[in-house]
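All remarks here apply to the structure that follows.
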Amino acid sequence: MSSNGNKLELPANIVIRDLAQKIEKSPIDLIKKLMTNGVMATINQTVDFDTAAIVVGEYGFEAVLEASDDLATKEEAGEVPLWRQLIAGEDSSQLKPRPPVVTILGHVDHGKTSLLDAIRSTEVAAGEAGGITQHIGAYQVEKKGRLITFLDTPGHAAFTQMRARGAQGADIVVLVVAADDGVMPQTREAIAHAKAARVPIMVALNKIDKANANPDRVKQQLAELELVPDDWGGSTMVVPVSAKQNQGIEDLLEGILLVADSNDIKANPNGKVIGTVIEAELDKSKGVLATLLVQNGTLESGDNVVAGIAHGKLRAITDYKGKPIKKAGPSTPVAVMGLSDVPSAGDIFQVVKTDKEARAIVQERLEAIKTQSQIRKKVSLEDLFANVQAGEAKGLNLIVKADVQGSLEPIVTELNKLGEGEIGLHILHAETGNIGNNDVMLASASKAIIIGFNVQADVDARRMAEKEGVDLRLYEIIYRMTEDIEKALKGMLEPKLVERTLGRAQVLQVFTASKFGRVAGCKVTDGELRRGAKVRLQRGADIVYEGDLSSLRHEKDDVKEIRQGFECGVGFKSFNDIQPGDMLVCYIVE
Ligand code: GDP
């Protein structure tokens, strides 16, 4: 290969036509050169950097990989949001700014729906004929001649569901916080979701019309959560609004444009057509109706589309107002008809050349699903460690739930200490309360495991964890938990033994029996006690004894088990220091 030191920046992938243009040669000539190098390609085909480098080398250029195109590596390093992966193969010189896509998250009743309505009505007020009559899961508004796309199914579930499928609809999260109520559990949860997805957050400080609104208090709370308001010298934009009285909406829209400008939101309108399914349903008369968000390229009616395991030739495309359109560029939400099946929200869609190609992709996916469900990819503590060792993950992601704030804080402190070693430990979310669906969704989307301390997992959440392969670990003792995590970080985790609590009993009185020495007279407060199981005696936060439950009596009889509500006598081998008020926990190890 000759080289005169004539440097040429090339992206990771480039279409032959563009490559020819870059070096000012005829594409035919280029195709011939490729052929002599054993590569058969047409003018519209894409070649990778290595191939392109060889060919341009023959024309005397020295190819260098464009720095900005190395997105996949940055994504791994945790610097780039997911949507950019979709456009990683695009020639960066072709990227154009596109409207930001915004989603609204926040605590229940803080005004998400009201805000979406207020924003939607600004456009109607601005004199748009007809306004928005149908809801397709997304809409657009115009501000200063620029468009903003809003996803209008608020809520964390929708947002996380997308991420769990590897998609990311939103570029910006608007966090709604009611000025009279402040930061609440779901506010924290929303922040965790947005941070895990690396989506910039701005705050709509809602309900400022209320007499008891206290913006400063909310700002203080936000600052404590590392969202330091801009007027306090931080980088989080906080816009006071009243969704109810239509105040501050224009400021909010302007704010969104500012955040968009500092985040370089781009796509190639002429590139590969790809995007995300926002929602889909089966209509009795119209067939499958789906809302698609185009994220790169331009979607046209008549295109062959594959979305998840659904495919089809698009018959009709309408915009969010129900108006038929022929084409839709990046960040445009559209309603489409013509898919064979109902895809899932969060499925990635792409345009392919022929129906045959579409079917082949679907077939491949169906087979992959089959084998996948056989292998059942599990995000367990053991696997995560293996991934960290293999260099595929940067650390362990955890979601921590505890019964009360008082136990959550020391747990987080302990865990953070453990995470100071070589392998990082990231607590994505720490909150009091039982483990619910949203926690499992966040875990699944972020490849995290869930640690519960003195909490339970809802039935639904358990089912979902099972389905998504999320590892749920429940503990009742802090050191057990830290021990497990420490072992996992050192790669020494033994086969998982799970402790299952059978029941609890309270020691009411202590008496002496000749055979056993001291015997605890207890009342079973929940579940049951079982002879032969393990038992632990707790005094406040301390464990005073741990061993086998070898003696269990009801009145004068030896019994195998005893249920909630009944009284019983329990003796401990070689342990006599029992006190009234002690709690007895009976469990088995599986
Ligand atoms: P969501 O659960 O977050 O979607 O909250 P909604 O939009 O349903 O609003 C919850 C309640 O707060 C409703 O009764 C709204 O009318 C009220 N609300 C929403 N925004 C405002 C506001 O700016 N000011 C006042 N005073 N009330 C509001």
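Quick note on naming: the chains in the structure tokens go A, B, ... in the order shown, residues restart at 1 in each chain, and ligands are numbered from 1 in order of appearance.
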Could the residues that lie within 10 Å of ligand 1, counting only C-alpha atoms and all ligand atoms, be listed as a PDB file with N, CA, C and O atoms, in the first residue's frame?
```
ATOM      1  N   ILE A 104     -41.657  12.712  30.557  1.00  0.00           N
ATOM      2  CA  ILE A 104     -41.928  13.367  31.837  1.00  0.00           C
ATOM      3  C   ILE A 104     -42.076  12.320  32.924  1.00  0.00           C
ATOM      4  O   ILE A 104     -42.880  11.407  32.809  1.00  0.00           O
ATOM      5  N   LEU A 105     -41.243  12.445  33.947  1.00  0.00           N
ATOM      6  CA  LEU A 105     -41.307  11.500  35.064  1.00  0.00           C
ATOM      7  C   LEU A 105     -41.548  12.272  36.365  1.00  0.00           C
ATOM      8  O   LEU A 105     -41.335  13.483  36.421  1.00  0.00           O
ATOM      9  N   GLY A 106     -41.959  11.575  37.392  1.00  0.00           N
ATOM     10  CA  GLY A 106     -42.144  12.236  38.678  1.00  0.00           C
ATOM     11  C   GLY A 106     -43.096  11.456  39.572  1.00  0.00           C
ATOM     12  O   GLY A 106     -43.667  10.445  39.151  1.00  0.00           O
ATOM     13  N   HIS A 107     -43.248  11.932  40.787  1.00  0.00           N
ATOM     14  CA  HIS A 107     -44.096  11.261  41.763  1.00  0.00           C
ATOM     15  C   HIS A 107     -45.574  11.374  41.363  1.00  0.00           C
ATOM     16  O   HIS A 107     -45.971  12.337  40.715  1.00  0.00           O
ATOM     17  N   VAL A 108     -46.339  10.397  41.785  1.00  0.00           N
ATOM     18  CA  VAL A 108     -47.768  10.402  41.465  1.00  0.00           C
ATOM     19  C   VAL A 108     -48.420  11.673  42.011  1.00  0.00           C
ATOM     20  O   VAL A 108     -48.064  12.153  43.085  1.00  0.00           O
ATOM     21  N   ASP A 109     -49.310  12.256  41.213  1.00  0.00           N
ATOM     22  CA  ASP A 109     -50.055  13.465  41.586  1.00  0.00           C
ATOM     23  C   ASP A 109     -49.217  14.745  41.598  1.00  0.00           C
ATOM     24  O   ASP A 109     -49.693  15.781  42.026  1.00  0.00           O
ATOM     25  N   HIS A 110     -47.991  14.676  41.156  1.00  0.00           N
ATOM     26  CA  HIS A 110     -47.205  15.903  41.107  1.00  0.00           C
ATOM     27  C   HIS A 110     -47.486  16.711  39.835  1.00  0.00           C
ATOM     28  O   HIS A 110     -47.020  17.839  39.708  1.00  0.00           O
ATOM     29  N   GLY A 111     -48.264  16.092  38.914  1.00  0.00           N
ATOM     30  CA  GLY A 111     -48.752  16.871  37.776  1.00  0.00           C
ATOM     31  C   GLY A 111     -48.186  16.495  36.412  1.00  0.00           C
ATOM     32  O   GLY A 111     -48.172  17.327  35.507  1.00  0.00           O
ATOM     33  N   LYS A 112     -47.765  15.250  36.246  1.00  0.00           N
ATOM     34  CA  LYS A 112     -47.216  14.823  34.948  1.00  0.00           C
ATOM     35  C   LYS A 112     -48.252  14.963  33.837  1.00  0.00           C
ATOM     36  O   LYS A 112     -47.995  15.565  32.800  1.00  0.00           O
ATOM     37  N   THR A 113     -49.435  14.385  34.105  1.00  0.00           N
ATOM     38  CA  THR A 113     -50.477  14.416  33.085  1.00  0.00           C
ATOM     39  C   THR A 113     -50.912  15.852  32.807  1.00  0.00           C
ATOM     40  O   THR A 113     -51.064  16.244  31.647  1.00  0.00           O
ATOM     41  N   SER A 114     -51.087  16.622  33.879  1.00  0.00           N
ATOM     42  CA  SER A 114     -51.507  18.023  33.699  1.00  0.00           C
ATOM     43  C   SER A 114     -50.488  18.788  32.872  1.00  0.00           C
ATOM     44  O   SER A 114     -50.847  19.600  32.019  1.00  0.00           O
ATOM     45  N   LEU A 115     -49.209  18.527  33.120  1.00  0.00           N
ATOM     46  CA  LEU A 115     -48.164  19.242  32.405  1.00  0.00           C
ATOM     47  C   LEU A 115     -48.167  18.857  30.922  1.00  0.00           C
ATOM     48  O   LEU A 115     -48.069  19.721  30.039  1.00  0.00           O
ATOM     49  N   LEU A 116     -48.312  17.559  30.661  1.00  0.00           N
ATOM     50  CA  LEU A 116     -48.375  17.110  29.261  1.00  0.00           C
ATOM     51  C   LEU A 116     -49.569  17.748  28.544  1.00  0.00           C
ATOM     52  O   LEU A 116     -49.474  18.148  27.389  1.00  0.00           O
ATOM     53  N   ASP A 117     -50.685  17.858  29.275  1.00  0.00           N
ATOM     54  CA  ASP A 117     -51.875  18.492  28.694  1.00  0.00           C
ATOM     55  C   ASP A 117     -51.626  19.972  28.438  1.00  0.00           C
ATOM     56  O   ASP A 117     -52.004  20.501  27.394  1.00  0.00           O
ATOM     57  N   ALA A 118     -51.007  20.621  29.419  1.00  0.00           N
ATOM     58  CA  ALA A 118     -50.756  22.061  29.282  1.00  0.00           C
ATOM     59  C   ALA A 118     -49.833  22.329  28.094  1.00  0.00           C
ATOM     60  O   ALA A 118     -50.046  23.252  27.318  1.00  0.00           O
ATOM     61  N   THR A 153     -46.925   8.985  27.391  1.00  0.00           N
ATOM     62  CA  THR A 153     -47.322   8.033  28.422  1.00  0.00           C
ATOM     63  C   THR A 153     -46.345   8.267  29.562  1.00  0.00           C
ATOM     64  O   THR A 153     -45.234   7.774  29.532  1.00  0.00           O
ATOM     65  N   PRO A 154     -46.759   9.083  30.543  1.00  0.00           N
ATOM     66  CA  PRO A 154     -45.799   9.378  31.603  1.00  0.00           C
ATOM     67  C   PRO A 154     -45.624   8.131  32.453  1.00  0.00           C
ATOM     68  O   PRO A 154     -46.442   7.229  32.415  1.00  0.00           O
ATOM     69  N   GLY A 155     -44.597   8.135  33.230  1.00  0.00           N
ATOM     70  CA  GLY A 155     -44.439   7.054  34.185  1.00  0.00           C
ATOM     71  C   GLY A 155     -43.171   6.271  33.961  1.00  0.00           C
ATOM     72  O   GLY A 155     -42.666   6.184  32.861  1.00  0.00           O
ATOM     73  N   VAL A 176     -40.925  16.145  37.118  1.00  0.00           N
ATOM     74  CA  VAL A 176     -41.913  17.035  37.726  1.00  0.00           C
ATOM     75  C   VAL A 176     -41.878  16.874  39.239  1.00  0.00           C
ATOM     76  O   VAL A 176     -41.991  15.762  39.753  1.00  0.00           O
ATOM     77  N   VAL A 177     -41.693  17.987  39.938  1.00  0.00           N
ATOM     78  CA  VAL A 177     -41.728  17.937  41.395  1.00  0.00           C
ATOM     79  C   VAL A 177     -42.723  19.002  41.859  1.00  0.00           C
ATOM     80  O   VAL A 177     -42.599  20.174  41.491  1.00  0.00           O
ATOM     81  N   ALA A 178     -43.709  18.589  42.637  1.00  0.00           N
ATOM     82  CA  ALA A 178     -44.696  19.546  43.121  1.00  0.00           C
ATOM     83  C   ALA A 178     -44.058  20.417  44.203  1.00  0.00           C
ATOM     84  O   ALA A 178     -43.456  19.908  45.150  1.00  0.00           O
ATOM     85  N   ALA A 179     -44.193  21.725  44.030  1.00  0.00           N
ATOM     86  CA  ALA A 179     -43.525  22.669  44.942  1.00  0.00           C
ATOM     87  C   ALA A 179     -44.093  22.611  46.352  1.00  0.00           C
ATOM     88  O   ALA A 179     -43.448  23.030  47.310  1.00  0.00           O
ATOM     89  N   ASP A 180     -45.301  22.068  46.497  1.00  0.00           N
ATOM     90  CA  ASP A 180     -45.897  21.992  47.830  1.00  0.00           C
ATOM     91  C   ASP A 180     -45.583  20.671  48.514  1.00  0.00           C
ATOM     92  O   ASP A 180     -45.868  20.489  49.688  1.00  0.00           O
ATOM     93  N   LEU A 205     -40.653  22.565  38.296  1.00  0.00           N
ATOM     94  CA  LEU A 205     -41.117  22.759  39.667  1.00  0.00           C
ATOM     95  C   LEU A 205     -42.571  23.198  39.583  1.00  0.00           C
ATOM     96  O   LEU A 205     -42.875  24.367  39.381  1.00  0.00           O
ATOM     97  N   ASN A 206     -43.454  22.223  39.721  1.00  0.00           N
ATOM     98  CA  ASN A 206     -44.874  22.441  39.418  1.00  0.00           C
ATOM     99  C   ASN A 206     -45.671  22.934  40.633  1.00  0.00           C
ATOM    100  O   ASN A 206     -45.189  22.882  41.759  1.00  0.00           O
ATOM    101  N   LYS A 207     -46.857  23.383  40.373  1.00  0.00           N
ATOM    102  CA  LYS A 207     -47.822  23.840  41.380  1.00  0.00           C
ATOM    103  C   LYS A 207     -47.317  25.066  42.153  1.00  0.00           C
ATOM    104  O   LYS A 207     -47.592  25.209  43.357  1.00  0.00           O
ATOM    105  N   ILE A 208     -46.559  25.941  41.469  1.00  0.00           N
ATOM    106  CA  ILE A 208     -46.063  27.124  42.173  1.00  0.00           C
ATOM    107  C   ILE A 208     -47.196  28.094  42.486  1.00  0.00           C
ATOM    108  O   ILE A 208     -47.013  29.057  43.232  1.00  0.00           O
ATOM    109  N   ASP A 209     -48.380  27.839  41.907  1.00  0.00           N
ATOM    110  CA  ASP A 209     -49.534  28.700  42.213  1.00  0.00           C
ATOM    111  C   ASP A 209     -50.067  28.438  43.613  1.00  0.00           C
ATOM    112  O   ASP A 209     -50.804  29.236  44.184  1.00  0.00           O
ATOM    113  N   LYS A 210     -49.698  27.301  44.188  1.00  0.00           N
ATOM    114  CA  LYS A 210     -50.286  26.941  45.484  1.00  0.00           C
ATOM    115  C   LYS A 210     -49.715  27.798  46.620  1.00  0.00           C
ATOM    116  O   LYS A 210     -48.532  28.140  46.620  1.00  0.00           O
ATOM    117  N   ALA A 211     -50.595  28.105  47.573  1.00  0.00           N
ATOM    118  CA  ALA A 211     -50.198  28.993  48.669  1.00  0.00           C
ATOM    119  C   ALA A 211     -49.050  28.389  49.482  1.00  0.00           C
ATOM    120  O   ALA A 211     -48.158  29.090  49.951  1.00  0.00           O
ATOM    121  N   ASN A 212     -49.058  27.066  49.616  1.00  0.00           N
ATOM    122  CA  ASN A 212     -48.014  26.428  50.431  1.00  0.00           C
ATOM    123  C   ASN A 212     -46.828  25.926  49.602  1.00  0.00           C
ATOM    124  O   ASN A 212     -46.057  25.083  50.053  1.00  0.00           O
ATOM    125  N   ALA A 213     -46.709  26.467  48.382  1.00  0.00           N
ATOM    126  CA  ALA A 213     -45.558  26.081  47.552  1.00  0.00           C
ATOM    127  C   ALA A 213     -44.278  26.585  48.208  1.00  0.00           C
ATOM    128  O   ALA A 213     -44.236  27.694  48.727  1.00  0.00           O
ATOM    129  N   PRO A 240     -39.774  26.936  37.298  1.00  0.00           N
ATOM    130  CA  PRO A 240     -41.044  26.959  38.037  1.00  0.00           C
ATOM    131  C   PRO A 240     -42.224  27.009  37.063  1.00  0.00           C
ATOM    132  O   PRO A 240     -42.192  27.802  36.118  1.00  0.00           O
ATOM    133  N   VAL A 241     -43.200  26.151  37.265  1.00  0.00           N
ATOM    134  CA  VAL A 241     -44.371  26.148  36.384  1.00  0.00           C
ATOM    135  C   VAL A 241     -45.650  25.911  37.181  1.00  0.00           C
ATOM    136  O   VAL A 241     -45.608  25.471  38.333  1.00  0.00           O
ATOM    137  N   SER A 242     -46.755  26.230  36.562  1.00  0.00           N
ATOM    138  CA  SER A 242     -48.043  25.789  37.074  1.00  0.00           C
ATOM    139  C   SER A 242     -48.795  25.200  35.894  1.00  0.00           C
ATOM    140  O   SER A 242     -49.205  25.926  34.989  1.00  0.00           O
ATOM    141  N   ALA A 243     -48.914  23.890  35.916  1.00  0.00           N
ATOM    142  CA  ALA A 243     -49.601  23.219  34.808  1.00  0.00           C
ATOM    143  C   ALA A 243     -51.062  23.642  34.801  1.00  0.00           C
ATOM    144  O   ALA A 243     -51.675  23.813  33.758  1.00  0.00           O
ATOM    145  N   LYS A 244     -51.592  23.861  35.997  1.00  0.00           N
ATOM    146  CA  LYS A 244     -53.005  24.172  36.125  1.00  0.00           C
ATOM    147  C   LYS A 244     -53.306  25.564  35.573  1.00  0.00           C
ATOM    148  O   LYS A 244     -54.310  25.756  34.894  1.00  0.00           O
ATOM    149  N   GLN A 245     -52.424  26.525  35.884  1.00  0.00           N
ATOM    150  CA  GLN A 245     -52.695  27.893  35.445  1.00  0.00           C
ATOM    151  C   GLN A 245     -51.893  28.284  34.213  1.00  0.00           C
ATOM    152  O   GLN A 245     -51.796  29.464  33.881  1.00  0.00           O
ATOM    153  N   ASN A 246     -51.305  27.262  33.569  1.00  0.00           N
ATOM    154  CA  ASN A 246     -50.571  27.527  32.339  1.00  0.00           C
ATOM    155  C   ASN A 246     -49.455  28.557  32.494  1.00  0.00           C
ATOM    156  O   ASN A 246     -49.239  29.385  31.616  1.00  0.00           O
ATOM    157  N   GLN A 247     -48.765  28.502  33.602  1.00  0.00           N
ATOM    158  CA  GLN A 247     -47.652  29.429  33.820  1.00  0.00           C
ATOM    159  C   GLN A 247     -46.322  28.725  33.605  1.00  0.00           C
ATOM    160  O   GLN A 247     -46.159  27.577  34.016  1.00  0.00           O
ATOM    161  N   GLY A 248     -45.410  29.429  32.992  1.00  0.00           N
ATOM    162  CA  GLY A 248     -44.045  28.915  32.888  1.00  0.00           C
ATOM    163  C   GLY A 248     -43.839  27.865  31.801  1.00  0.00           C
ATOM    164  O   GLY A 248     -42.744  27.345  31.634  1.00  0.00           O
TER     165      GLY A 248
END
```
Quick one: residues within 10 Å of Ile543 (chain A), only C-alpha atoms counted, chain neighbours fewer than 5 positions away excluded, as an MDAnalysis selection string? chainID A and resid 477 536:538 582:584
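Considering the residues A:Tyr545, A:Phe572, A:Gln564, A:Val589 and counting only C-alpha atoms, Leu529 (chain A) has its shortest atom-to-atom contact with A:Gln564.
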List the neighbours of Glu58 (chain A) out to 12 Å using only C-alpha atoms; skip same-chain residues closer than 2 positions along the sequence, and give me the result as number ranges by chain. A: 1-4, 6, 23, 25, 29-30, 32-34, 36-37, 51-56, 60-63
Do a neighbour search on Leu428 (chain A) at 6 Å with only C-alpha atoms, toss out local chain neighbours closer than 3 positions, and write the hits as a short mmCIF file (atom, residue, chain, number, x, y, z; two decimals) with N, CA and C atoms, in the first residue's frame.
```
data_model
loop_
_atom_site.label_atom_id
_atom_site.label_comp_id
_atom_site.auth_asym_id
_atom_site.auth_seq_id
_atom_site.Cartn_x
_atom_site.Cartn_y
_atom_site.Cartn_z
N ALA A 192 -33.17 7.91 39.68
CA ALA A 192 -32.36 6.69 39.50
C ALA A 192 -32.50 6.16 38.08
N LEU A 398 -26.31 -2.31 41.90
CA LEU A 398 -27.22 -2.78 42.94
C LEU A 398 -28.42 -1.86 43.09
N ILE A 399 -29.54 -2.47 43.45
CA ILE A 399 -30.70 -1.70 43.86
C ILE A 399 -31.00 -2.16 45.28
#
```
Spatial neighbours of Ala448 (chain A), max dist 10 Å, only C-alpha atoms, sep filter under 3 positions, as a compact mmCIF listing (two decimals) with N, CA, C and O atoms, in the first residue's frame:
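Below is the file that was written, result_6.txt:
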```txt
# COMPACT_ATOMS: atom_id res chain seq x y z
N VAL A 379 -29.26 -12.56 35.35
CA VAL A 379 -28.38 -11.54 35.89
C VAL A 379 -28.18 -11.86 37.36
O VAL A 379 -28.78 -11.26 38.23
N SER A 380 -27.38 -12.85 37.65
CA SER A 380 -27.20 -13.20 39.05
C SER A 380 -25.90 -12.60 39.55
O SER A 380 -25.05 -12.19 38.77
N LEU A 381 -25.76 -12.59 40.83
CA LEU A 381 -24.55 -12.05 41.45
C LEU A 381 -23.33 -12.81 40.91
O LEU A 381 -22.30 -12.22 40.59
N LEU A 384 -22.68 -11.78 37.28
CA LEU A 384 -22.20 -10.41 37.18
C LEU A 384 -20.71 -10.38 37.50
O LEU A 384 -19.94 -9.71 36.84
N GLY A 395 -18.59 -3.01 36.87
CA GLY A 395 -18.79 -3.15 38.30
C GLY A 395 -20.13 -3.78 38.57
O GLY A 395 -20.84 -4.16 37.66
N LEU A 396 -20.45 -3.91 39.84
CA LEU A 396 -21.73 -4.51 40.19
C LEU A 396 -22.77 -3.40 40.40
O LEU A 396 -22.52 -2.47 41.14
N ASN A 397 -23.89 -3.53 39.72
CA ASN A 397 -24.98 -2.57 39.92
C ASN A 397 -25.96 -3.14 40.94
O ASN A 397 -26.36 -4.28 40.83
N LEU A 398 -26.31 -2.31 41.90
CA LEU A 398 -27.22 -2.78 42.94
C LEU A 398 -28.42 -1.86 43.09
O LEU A 398 -28.32 -0.66 42.90
N ILE A 399 -29.54 -2.47 43.45
CA ILE A 399 -30.70 -1.70 43.86
C ILE A 399 -31.00 -2.16 45.28
O ILE A 399 -31.10 -3.36 45.53
N HIS A 426 -22.01 0.06 42.15
CA HIS A 426 -22.87 1.22 41.90
C HIS A 426 -24.24 0.98 42.47
O HIS A 426 -24.93 0.06 42.06
N ILE A 427 -24.63 1.83 43.43
CA ILE A 427 -25.99 1.71 43.94
C ILE A 427 -26.86 2.61 43.07
O ILE A 427 -26.77 3.83 43.13
N LEU A 428 -27.66 1.97 42.23
CA LEU A 428 -28.48 2.74 41.28
C LEU A 428 -29.66 3.38 42.00
O LEU A 428 -30.15 4.42 41.60
N ASP A 439 -38.78 -1.80 40.53
CA ASP A 439 -37.42 -2.16 40.92
C ASP A 439 -36.88 -3.25 40.01
O ASP A 439 -35.74 -3.20 39.58
N VAL A 440 -37.74 -4.22 39.72
CA VAL A 440 -37.30 -5.34 38.88
C VAL A 440 -37.01 -4.84 37.47
O VAL A 440 -36.02 -5.22 36.84
N MET A 441 -37.86 -3.94 36.98
CA MET A 441 -37.65 -3.36 35.64
C MET A 441 -36.32 -2.63 35.58
O MET A 441 -35.55 -2.79 34.63
N LEU A 442 -36.08 -1.81 36.60
CA LEU A 442 -34.83 -1.04 36.63
C LEU A 442 -33.64 -2.00 36.67
O LEU A 442 -32.65 -1.82 35.98
N ALA A 443 -33.78 -3.06 37.47
CA ALA A 443 -32.69 -4.04 37.60
C ALA A 443 -32.45 -4.73 36.27
O ALA A 443 -31.31 -4.87 35.82
N SER A 444 -33.52 -5.11 35.63
CA SER A 444 -33.39 -5.83 34.37
C SER A 444 -32.75 -4.93 33.31
O SER A 444 -31.85 -5.33 32.59
N ALA A 445 -33.20 -3.68 33.28
CA ALA A 445 -32.68 -2.76 32.27
C ALA A 445 -31.22 -2.39 32.54
O ALA A 445 -30.47 -2.13 31.62
N ILE A 451 -31.21 -6.02 46.26
CA ILE A 451 -30.95 -6.46 47.61
C ILE A 451 -32.04 -5.93 48.52
O ILE A 451 -32.28 -4.73 48.55
N VAL A 470 -33.93 -11.71 36.92
CA VAL A 470 -33.28 -10.78 37.84
C VAL A 470 -33.06 -11.46 39.19
O VAL A 470 -33.94 -12.14 39.70
N ASP A 471 -31.87 -11.28 39.74
CA ASP A 471 -31.53 -11.89 41.02
C ASP A 471 -32.06 -11.02 42.17
O ASP A 471 -31.71 -9.86 42.30
N LEU A 472 -32.95 -11.61 42.95
CA LEU A 472 -33.50 -10.92 44.12
C LEU A 472 -32.87 -11.55 45.34
O LEU A 472 -32.97 -12.75 45.53
```
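Among A:Gly469, A:Gly527, A:Gly503, A:Gly271, the residue with the shortest atom-to-atom distance to Thr46 (chain A), counting only C-alpha atoms, is A:Gly271.
Residues lying within 10 Å of Gly255 (chain A), counting only C-alpha atoms and ignoring same-chain neighbours fewer than 3 positions away, are Met202, Val203, Ala204, Met237, Val238, Val239, Ile249, Glu250, Asp251, Leu252, Leu258, Val259, Ala260 and Asp261 of chain A.
Put simply, CA of Ile309 (chain A) is 13.2 Å away from CA of Val288 (chain A).
Going from CA of Ser93 (chain A) over to CA of Gly302 (chain A), you cover 28.2 Å.
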